[in-house]
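See below for the structure under consideration.
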Amino acid sequence: MCKKDENGLTEQEFLAAYKPGDYDRPSVTVDIMVIRMKKDLSCMQILLIKRKAHPEICKWALPGGFINIDESAYEAACRELKEETSLTGVYLEQLYTMSKPDRDPRMRIIDISYIALLPYGYEQTAVAGDDAKDARWFDIDLSDGILKFSDNTVEIKYSLKSEKFKNGIITVENFVPVSISSEALAFDHGQIVLEGLMRIKNKAEYTGIVYNLVPPEFTIPDLQQVYEVLIGKPVYPKAFRDKISDDIIPLNKTEKPITGRRMASVYRYINLDTSQLESEKPKEKKYENGVILTRAQPFHNGHLSMIKQAASECKNVLVVIGSANKNGTKRNPFPIEYRKDVVEKILRAEELYGANVQVISLSDWSMENATEYVKEWGTFFYCNVVNAIGEKSFVFYYNDNPNIAKNWFDKDILKHISIKSSGRTDVDISSTMVREMLLHEEYDKFKKAVPREMWGDFKTLRKMLLEADDEDFMMK
């Protein structure tokens with residue numbers, strides 16, 4: 001039985017008699033806040049177009065347009081985004097509905113705004129469409145109560161005016177952009193951008209929105225830099241790593257971050273589609289235990305490269321700092337307390353492929369290169385390693401000819417050790433070279449040769465070196 005209204009009409013009869021022209025009908029548009037990171041990751045950038053027609057002619061504005069009669073707002077936003085950037089499949093989120101009656105002088109136009117986030121590393125050329133005179137990427141700076149958009153020739157600035165209003169029993173503070181420059185964005189686009197930046201900042205704290213601004217493969221230093229730009233403040237590296245630990249998986253390779261000089265581990269975001277998790281698990285490590293021996297006089301990037309290689313291949317890594325009983329000489333100027341502390345500090349700051357890394361110290365009982373003690377030294381070293389790791393077998397990473405290290409051990413010990421040439425030879429640095437930099441006060445070279453955590457130690461290390469004796473000594 002068909003239902004009828006109070007006039008006795010069925011729905012079909014009602015629709016046949018309905019006259020849309022009896023009511024005012026607003027037009028509906030979409031505008032898109034297209035955001036990416038600047039190449040050096042120092043700030044966000046926004047795509048703006050310069051209008052070439054009335055109203056608001058020659059003003060910079062967000063890209064957008066009218067919604068076609070046969071498409072949804074989301075479909076219109078996707079269409080406009082593809083026309084402006086040639087990109088599809090990127091993050092797109094509805095932001096806000098701008099509905100003030102006088103927001104557009106032409107007629108009543110309701111605008112549905114969107115945020116689009118583009119990953120860095122891709123070249124998105126700004127191309128002006130048919131309705132624009134120009135299109136450019138502008139740097140965004142939101143600080144000290146000022147919102148600023150700038151490129152090489154244009155600067156658009158707003159101060160932020162605080163307004164408070166009641167929402168139920170709660171008092172809410174909102175901010176309104178007030179133009180303080182000769183140029184301003186068209187219509188209410190300044191307010192749209194401010195709302196969008198606040199949305200991004202808030203969501204960065206409790207969602208994975210940051211991963212939409214980085215490429216599929218990234219380093220943690222670069223990811224942290226993007227995150228800090230989004231929230232507008234620095235975070236402690238350890239706190240950040242703890243925050244993202246369940247979101248990422250290592251790819252067992254390294255690359256140089258945009259924001260740093262040292263090689264860093266590469267990761268990707270875990271797709272929460274459980275059907276893909278099995279294929280995205282990290283690769284099994286080749287070895288159970290890896291061992292590195294270094295005097296660290298002082299520690300440098302070559303040592304770090306060795307440790308990273310071992311960590312990428314081994315579940316457990318033992319770093320043995322030798323000559324623990326030697327200090328105050330030209331060859332061994334730095335005390336074991338400093339060497340062990342600085343190595344542990346550096347490794348805490350590094351991402352080492354999920355390997356368990358342990359640092360121990362070990363005394364010498366002879367002069368270096370004292371051939372009459374080689375086998376005894378090898379046995380002494382082996383026994384200390386076995387005691388530390390609790391197992392007889394391990395891979396020994398050595399930065400020179402493996403045959404040299406083989407001479408340290410007798411046949412029974414060699415059955416349990418695999419000696420592997422490390423990648424340190426790819427790094428043109430040695431402790432002797434670093435000590436020369438200290439002697440000649442070559443601070444710039446020193447910074448390139450050692451991890452960042454040691455930069456502030458330059459003067460202290462140089463003082464120790466200048467006070468060192470010429471001769472080493474033999475342990476009694």
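Ligands are numbered from 1 in the order shown, residues from 1 within each chain, and chains are lettered A, B, ... in the order they appear in the structure tokens.
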Margin query: Can you tell me which residues surround Tyr287 of chain A at a distance of at most 8 Å, considering only C-alpha atoms, apart from same-chain residues fewer than 3 positions away, and format the answer as a list in words?
Written below: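 Those residues are Gly290, Glu313, Cys314, Lys315, Phe394 and Val395 of chain A.
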Non-local contacts of segment 320-324 of chain A (8 Å; only C-alpha atoms; under 3 positions in same chain excluded) as a PDB file with C-alpha atoms, in the first residue's frame:
ATOM      1  CA  VAL A 291      81.194  -9.076  17.439  1.00  0.00           C
ATOM      2  CA  ILE A 292      83.205  -5.914  16.742  1.00  0.00           C
ATOM      3  CA  LEU A 293      86.489  -4.987  18.391  1.00  0.00           C
ATOM      4  CA  THR A 294      87.698  -1.379  18.434  1.00  0.00           C
ATOM      5  CA  ARG A 295      89.882   0.806  20.642  1.00  0.00           C
ATOM      6  CA  ALA A 296      87.677   3.822  19.755  1.00  0.00           C
ATOM      7  CA  ASN A 327      95.063   5.952  28.319  1.00  0.00           C
ATOM      8  CA  ASN A 332      95.663   5.688  23.445  1.00  0.00           C
ATOM      9  CA  PRO A 335      90.167   6.917  29.058  1.00  0.00           C
ATOM     10  CA  ILE A 336      87.856   3.931  28.835  1.00  0.00           C
ATOM     11  CA  ARG A 339      85.062   5.860  25.239  1.00  0.00           C
ATOM     12  CA  LYS A 340      82.431   3.461  26.587  1.00  0.00           C
ATOM     13  CA  VAL A 359      78.967  -2.635  24.771  1.00  0.00           C
ATOM     14  CA  ILE A 360      81.753  -4.023  26.990  1.00  0.00           C
ATOM     15  CA  SER A 361      85.340  -2.999  27.677  1.00  0.00           C
ATOM     16  CA  LEU A 362      88.396  -5.239  27.526  1.00  0.00           C
ATOM     17  CA  SER A 363      91.940  -4.686  28.777  1.00  0.00           C
ATOM     18  CA  ASP A 364      95.075  -5.439  26.808  1.00  0.00           C
TER      19      ASP A 364
END
Can you list, as a PDB file with N, CA and C atoms, in the first residue's frame, every protein, DNA or RNA residue that comes within 12 Å of Leu197 of chain A when you count only C-alpha atoms, leaving out same-chain residues fewer than 5 positions away?
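Heads up, here's the output in part.pdb:
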ATOM      1  N   MET A  33      43.146  22.631  -0.047  1.00  0.00           N
ATOM      2  CA  MET A  33      44.390  23.070   0.597  1.00  0.00           C
ATOM      3  C   MET A  33      45.440  21.987   0.334  1.00  0.00           C
ATOM      4  N   VAL A  34      46.225  22.179  -0.718  1.00  0.00           N
ATOM      5  CA  VAL A  34      47.215  21.180  -1.135  1.00  0.00           C
ATOM      6  C   VAL A  34      48.534  21.467  -0.411  1.00  0.00           C
ATOM      7  N   ILE A  35      48.970  20.504   0.412  1.00  0.00           N
ATOM      8  CA  ILE A  35      50.137  20.696   1.278  1.00  0.00           C
ATOM      9  C   ILE A  35      51.218  19.672   0.940  1.00  0.00           C
ATOM     10  N   MET A  44      56.254  23.428   5.808  1.00  0.00           N
ATOM     11  CA  MET A  44      55.242  23.001   4.849  1.00  0.00           C
ATOM     12  C   MET A  44      55.133  24.035   3.739  1.00  0.00           C
ATOM     13  N   GLN A  45      54.641  23.583   2.586  1.00  0.00           N
ATOM     14  CA  GLN A  45      54.350  24.481   1.476  1.00  0.00           C
ATOM     15  C   GLN A  45      52.910  24.250   1.034  1.00  0.00           C
ATOM     16  N   ILE A  46      52.308  25.308   0.499  1.00  0.00           N
ATOM     17  CA  ILE A  46      50.925  25.238   0.037  1.00  0.00           C
ATOM     18  C   ILE A  46      50.846  25.713  -1.403  1.00  0.00           C
ATOM     19  N   LEU A  95      37.555  19.048   5.219  1.00  0.00           N
ATOM     20  CA  LEU A  95      37.979  19.893   6.333  1.00  0.00           C
ATOM     21  C   LEU A  95      36.825  20.637   6.978  1.00  0.00           C
ATOM     22  N   TYR A 114      38.765  20.996   1.490  1.00  0.00           N
ATOM     23  CA  TYR A 114      39.467  19.727   1.667  1.00  0.00           C
ATOM     24  C   TYR A 114      40.946  19.984   1.935  1.00  0.00           C
ATOM     25  N   ILE A 115      41.584  19.012   2.600  1.00  0.00           N
ATOM     26  CA  ILE A 115      43.036  18.983   2.765  1.00  0.00           C
ATOM     27  C   ILE A 115      43.582  17.858   1.894  1.00  0.00           C
ATOM     28  N   ALA A 116      44.589  18.154   1.092  1.00  0.00           N
ATOM     29  CA  ALA A 116      45.318  17.124   0.342  1.00  0.00           C
ATOM     30  C   ALA A 116      46.772  17.155   0.792  1.00  0.00           C
ATOM     31  N   LEU A 117      47.332  16.003   1.129  1.00  0.00           N
ATOM     32  CA  LEU A 117      48.711  15.907   1.587  1.00  0.00           C
ATOM     33  C   LEU A 117      49.530  15.114   0.573  1.00  0.00           C
ATOM     34  N   ILE A 140      54.961  28.055   4.269  1.00  0.00           N
ATOM     35  CA  ILE A 140      54.031  28.396   5.352  1.00  0.00           C
ATOM     36  C   ILE A 140      54.816  28.577   6.645  1.00  0.00           C
ATOM     37  N   ASP A 141      54.539  29.672   7.337  1.00  0.00           N
ATOM     38  CA  ASP A 141      55.133  29.915   8.654  1.00  0.00           C
ATOM     39  C   ASP A 141      54.015  30.325   9.597  1.00  0.00           C
ATOM     40  N   LEU A 142      53.751  29.498  10.583  1.00  0.00           N
ATOM     41  CA  LEU A 142      52.739  29.804  11.599  1.00  0.00           C
ATOM     42  C   LEU A 142      53.438  29.829  12.948  1.00  0.00           C
ATOM     43  N   SER A 143      53.747  31.030  13.430  1.00  0.00           N
ATOM     44  CA  SER A 143      54.458  31.159  14.701  1.00  0.00           C
ATOM     45  C   SER A 143      54.246  32.548  15.273  1.00  0.00           C
ATOM     46  N   LEU A 147      50.500  34.197  10.766  1.00  0.00           N
ATOM     47  CA  LEU A 147      50.426  33.220   9.683  1.00  0.00           C
ATOM     48  C   LEU A 147      50.955  33.882   8.420  1.00  0.00           C
ATOM     49  N   PHE A 175      40.502  31.209  16.453  1.00  0.00           N
ATOM     50  CA  PHE A 175      41.364  32.263  15.928  1.00  0.00           C
ATOM     51  C   PHE A 175      40.905  32.666  14.529  1.00  0.00           C
ATOM     52  N   GLY A 190      42.025  32.430   3.755  1.00  0.00           N
ATOM     53  CA  GLY A 190      42.926  32.511   4.897  1.00  0.00           C
ATOM     54  C   GLY A 190      42.386  31.735   6.086  1.00  0.00           C
ATOM     55  N   GLN A 191      41.079  31.837   6.326  1.00  0.00           N
ATOM     56  CA  GLN A 191      40.449  31.099   7.419  1.00  0.00           C
ATOM     57  C   GLN A 191      40.481  29.590   7.150  1.00  0.00           C
ATOM     58  N   ILE A 192      40.268  29.194   5.898  1.00  0.00           N
ATOM     59  CA  ILE A 192      40.321  27.774   5.542  1.00  0.00           C
ATOM     60  C   ILE A 192      41.701  27.200   5.854  1.00  0.00           C
ATOM     61  N   ASN A 202      46.655  18.924  15.191  1.00  0.00           N
ATOM     62  CA  ASN A 202      45.978  18.093  16.182  1.00  0.00           C
ATOM     63  C   ASN A 202      46.006  16.616  15.798  1.00  0.00           C
ATOM     64  N   LYS A 203      45.778  16.318  14.524  1.00  0.00           N
ATOM     65  CA  LYS A 203      45.733  14.919  14.103  1.00  0.00           C
ATOM     66  C   LYS A 203      47.113  14.277  14.124  1.00  0.00           C
ATOM     67  N   ALA A 204      48.156  15.087  13.947  1.00  0.00           N
ATOM     68  CA  ALA A 204      49.517  14.537  14.010  1.00  0.00           C
ATOM     69  C   ALA A 204      49.804  13.946  15.376  1.00  0.00           C
ATOM     70  N   VAL A 229      57.610  19.758  12.332  1.00  0.00           N
ATOM     71  CA  VAL A 229      57.046  20.874  11.571  1.00  0.00           C
ATOM     72  C   VAL A 229      55.528  20.900  11.736  1.00  0.00           C
ATOM     73  N   LEU A 230      54.897  19.741  11.699  1.00  0.00           N
ATOM     74  CA  LEU A 230      53.432  19.682  11.803  1.00  0.00           C
ATOM     75  C   LEU A 230      52.943  20.180  13.152  1.00  0.00           C
ATOM     76  N   ILE A 231      53.603  19.764  14.234  1.00  0.00           N
ATOM     77  CA  ILE A 231      53.110  20.136  15.563  1.00  0.00           C
ATOM     78  C   ILE A 231      53.710  21.447  16.061  1.00  0.00           C
ATOM     79  N   GLY A 232      54.736  21.942  15.359  1.00  0.00           N
ATOM     80  CA  GLY A 232      55.290  23.249  15.694  1.00  0.00           C
ATOM     81  C   GLY A 232      56.211  23.288  16.886  1.00  0.00           C
TER      82      GLY A 232
END
Excluding Ala349 of chain A and residues on its chain fewer than 2 positions from it, collect all residues at most 8 Å away from it, counting only C-alpha atoms, and give them as a PDB file with C-alpha atoms, in the first residue's frame.
ATOM      1  CA  PRO A 237      64.252  11.442  19.695  1.00  0.00           C
ATOM      2  CA  LYS A 238      63.635   8.557  22.103  1.00  0.00           C
ATOM      3  CA  LYS A 345      75.264   7.327  23.855  1.00  0.00           C
ATOM      4  CA  ILE A 346      75.740   7.228  20.078  1.00  0.00           C
ATOM      5  CA  LEU A 347      74.181   3.784  19.743  1.00  0.00           C
ATOM      6  CA  GLU A 351      68.308   2.905  14.706  1.00  0.00           C
TER       7      GLU A 351
END
Distance table requested - segment 171-280 of chain A against segment 438-450 of chain A, cut-off 12 Å, only C-alpha atoms: one row per qualifying residue with the closest atom pair and its distance in Å to one decimal, ordered by chain and rising residue number, as CSV.
residue,atom,partner,partner_atom,distance
A:Gly260,CA,A:Lys448,CA,11.0
A:Arg261,CA,A:Lys448,CA,7.9
A:Arg262,CA,A:Lys448,CA,8.9
Please produce a file of those selected residues containing C-alpha atoms, as a PDB file, in the first residue's frame.
ATOM      1  CA  GLY A 260      71.416  14.706   8.507  1.00  0.00           C
ATOM      2  CA  ARG A 261      74.907  13.791   7.414  1.00  0.00           C
ATOM      3  CA  ARG A 262      75.069  10.248   8.740  1.00  0.00           C
TER       4      ARG A 262
END
Next item on the list: Based on DSSP run over this structure's backbone, return all residues of segment 264-452 of chain A in alpha helix (DSSP H), as a ChimeraX atom specification.
Entry: /A:274-277,301-313,336-349,374-389,402-406,411-414,431-439,443-449
Check: Which one is closest to Ile417 of chain A: A:Pro333, A:Gly378, A:Gly121, A:Gly8? Count only C-alpha atoms.
Finding: A:Gly378
Check: Excluding same-chain residues fewer than 6 positions from segment 157-173 of chain A, what lies within 12 Å of it counting only C-alpha atoms, as a ChimeraX atom specification?
Finding: /A:138-150,179-185,189-191,193-195
Check: So how far away is atom CA of Phe218 of chain A from atom CA of Thr254 of chain A, in Å?
Finding: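 Atom-to-atom, atom CA of Thr254 of chain A and atom CA of Phe218 of chain A are spaced 9.6 Å apart.
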Next item on the list: Could you please determine the separation between atom CA of Val343 of chain A and atom CA of Leu251 of chain A in Å, to one decimal place?
Entry: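 Straight-line distance from atom CA of Val343 of chain A to atom CA of Leu251 of chain A works out to 24.3 Å.
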Checklist line | Residues near Gly64 of chain A, cut-off 10 Å, only C-alpha atoms, skip fewer than 2 positions along chain, as a list in words | finding: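 Once the adjacent positions are removed, what remains is Thr29, Val30, Asp31, Ile32, Met33, Ile49, Ala61, Leu62, Phe66, Ile67, Ala76, Ala77, Arg79, Glu80, Leu81, Glu83, Glu84, Asp111, Ile112, Ser113, Tyr114 and Asp131 of chain A.
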Atoms kept (N, CA and C atoms) for selection, written as a PDB file, in the first residue's frame:
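again_37.pdb was written with the following content:
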ATOM      1  N   THR A  29      30.746  24.881  -4.053  1.00  0.00           N
ATOM      2  CA  THR A  29      32.096  24.742  -4.602  1.00  0.00           C
ATOM      3  C   THR A  29      32.950  23.866  -3.687  1.00  0.00           C
ATOM      4  N   VAL A  30      34.099  23.459  -4.212  1.00  0.00           N
ATOM      5  CA  VAL A  30      35.129  22.825  -3.376  1.00  0.00           C
ATOM      6  C   VAL A  30      36.417  23.623  -3.528  1.00  0.00           C
ATOM      7  N   ASP A  31      37.141  23.790  -2.446  1.00  0.00           N
ATOM      8  CA  ASP A  31      38.482  24.365  -2.479  1.00  0.00           C
ATOM      9  C   ASP A  31      39.416  23.400  -1.770  1.00  0.00           C
ATOM     10  N   ILE A  32      40.636  23.306  -2.269  1.00  0.00           N
ATOM     11  CA  ILE A  32      41.554  22.290  -1.772  1.00  0.00           C
ATOM     12  C   ILE A  32      42.830  22.941  -1.262  1.00  0.00           C
ATOM     13  N   MET A  33      43.146  22.631  -0.047  1.00  0.00           N
ATOM     14  CA  MET A  33      44.390  23.070   0.597  1.00  0.00           C
ATOM     15  C   MET A  33      45.440  21.987   0.334  1.00  0.00           C
ATOM     16  N   ILE A  49      46.914  29.538  -6.372  1.00  0.00           N
ATOM     17  CA  ILE A  49      46.753  29.990  -7.760  1.00  0.00           C
ATOM     18  C   ILE A  49      46.368  31.476  -7.752  1.00  0.00           C
ATOM     19  N   ALA A  61      44.759  32.395  -4.268  1.00  0.00           N
ATOM     20  CA  ALA A  61      43.640  31.630  -3.715  1.00  0.00           C
ATOM     21  C   ALA A  61      43.972  30.145  -3.726  1.00  0.00           C
ATOM     22  N   LEU A  62      43.153  29.393  -3.015  1.00  0.00           N
ATOM     23  CA  LEU A  62      43.256  27.940  -3.065  1.00  0.00           C
ATOM     24  C   LEU A  62      42.693  27.431  -4.388  1.00  0.00           C
ATOM     25  N   PHE A  66      33.540  24.813  -8.992  1.00  0.00           N
ATOM     26  CA  PHE A  66      32.158  24.423  -8.730  1.00  0.00           C
ATOM     27  C   PHE A  66      31.993  22.908  -8.855  1.00  0.00           C
ATOM     28  N   ILE A  67      31.103  22.381  -8.041  1.00  0.00           N
ATOM     29  CA  ILE A  67      30.774  20.963  -8.111  1.00  0.00           C
ATOM     30  C   ILE A  67      29.814  20.743  -9.269  1.00  0.00           C
ATOM     31  N   ALA A  76      34.457  15.916  -6.900  1.00  0.00           N
ATOM     32  CA  ALA A  76      34.883  17.213  -7.426  1.00  0.00           C
ATOM     33  C   ALA A  76      36.271  17.573  -6.909  1.00  0.00           C
ATOM     34  N   ALA A  77      36.513  17.293  -5.633  1.00  0.00           N
ATOM     35  CA  ALA A  77      37.829  17.586  -5.068  1.00  0.00           C
ATOM     36  C   ALA A  77      38.912  16.739  -5.734  1.00  0.00           C
ATOM     37  N   ARG A  79      38.807  15.546  -8.756  1.00  0.00           N
ATOM     38  CA  ARG A  79      38.972  16.064 -10.115  1.00  0.00           C
ATOM     39  C   ARG A  79      39.829  17.320 -10.113  1.00  0.00           C
ATOM     40  N   GLU A  80      39.547  18.241  -9.205  1.00  0.00           N
ATOM     41  CA  GLU A  80      40.322  19.484  -9.140  1.00  0.00           C
ATOM     42  C   GLU A  80      41.776  19.200  -8.772  1.00  0.00           C
ATOM     43  N   LEU A  81      42.000  18.253  -7.844  1.00  0.00           N
ATOM     44  CA  LEU A  81      43.357  17.912  -7.435  1.00  0.00           C
ATOM     45  C   LEU A  81      44.146  17.337  -8.605  1.00  0.00           C
ATOM     46  N   GLU A  83      43.598  17.892 -11.766  1.00  0.00           N
ATOM     47  CA  GLU A  83      43.835  18.958 -12.738  1.00  0.00           C
ATOM     48  C   GLU A  83      44.980  19.867 -12.306  1.00  0.00           C
ATOM     49  N   GLU A  84      45.102  20.100 -10.993  1.00  0.00           N
ATOM     50  CA  GLU A  84      46.109  21.044 -10.490  1.00  0.00           C
ATOM     51  C   GLU A  84      47.481  20.403 -10.301  1.00  0.00           C
ATOM     52  N   ASP A 111      30.926  26.629   0.359  1.00  0.00           N
ATOM     53  CA  ASP A 111      32.190  26.001  -0.038  1.00  0.00           C
ATOM     54  C   ASP A 111      32.520  24.848   0.899  1.00  0.00           C
ATOM     55  N   ILE A 112      32.865  23.714   0.311  1.00  0.00           N
ATOM     56  CA  ILE A 112      33.323  22.558   1.078  1.00  0.00           C
ATOM     57  C   ILE A 112      34.826  22.439   0.856  1.00  0.00           C
ATOM     58  N   SER A 113      35.577  22.626   1.919  1.00  0.00           N
ATOM     59  CA  SER A 113      37.033  22.645   1.782  1.00  0.00           C
ATOM     60  C   SER A 113      37.630  21.280   2.120  1.00  0.00           C
ATOM     61  N   TYR A 114      38.765  20.996   1.490  1.00  0.00           N
ATOM     62  CA  TYR A 114      39.467  19.727   1.667  1.00  0.00           C
ATOM     63  C   TYR A 114      40.946  19.984   1.935  1.00  0.00           C
ATOM     64  N   ASP A 131      41.495  29.055 -15.372  1.00  0.00           N
ATOM     65  CA  ASP A 131      40.930  30.143 -14.588  1.00  0.00           C
ATOM     66  C   ASP A 131      41.973  30.864 -13.744  1.00  0.00           C
TER      67      ASP A 131
END
Margin query: When you look at Tyr206 of chain A with a cut-off of 12 Å (counting only C-alpha atoms), what residues show up, excluding the ones that are within fewer than 6 positions of it in the same chain? I need them as number ranges by chain.
Written below: A: 199-200, 227, 231, 243-244
Written file, previous selection with N, CA and C atoms, as a CSV table (one decimal), in the first residue's frame:
chain,number,residue,atom,x,y,z
A,199,ARG,N,43.9,21.5,12.1
A,199,ARG,CA,43.5,20.2,12.0
A,199,ARG,C,44.7,19.2,11.9
A,200,ILE,N,45.7,19.6,11.0
A,200,ILE,CA,46.8,18.8,10.8
A,200,ILE,C,47.7,18.7,12.1
A,227,TYR,N,57.3,15.6,11.4
A,227,TYR,CA,56.4,15.6,12.6
A,227,TYR,C,56.6,16.9,13.4
A,231,ILE,N,53.6,19.8,14.2
A,231,ILE,CA,53.1,20.1,15.6
A,231,ILE,C,53.7,21.4,16.1
A,243,LYS,N,57.0,6.4,20.2
A,243,LYS,CA,55.6,6.8,19.7
A,243,LYS,C,55.3,6.0,18.4
A,244,ILE,N,56.3,5.9,17.5
A,244,ILE,CA,56.1,5.3,16.2
A,244,ILE,C,56.5,3.9,16.1
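Interatomic distance, atom CA of Pro26 of chain A to atom CA of Pro101 of chain A: 9.6 Å.
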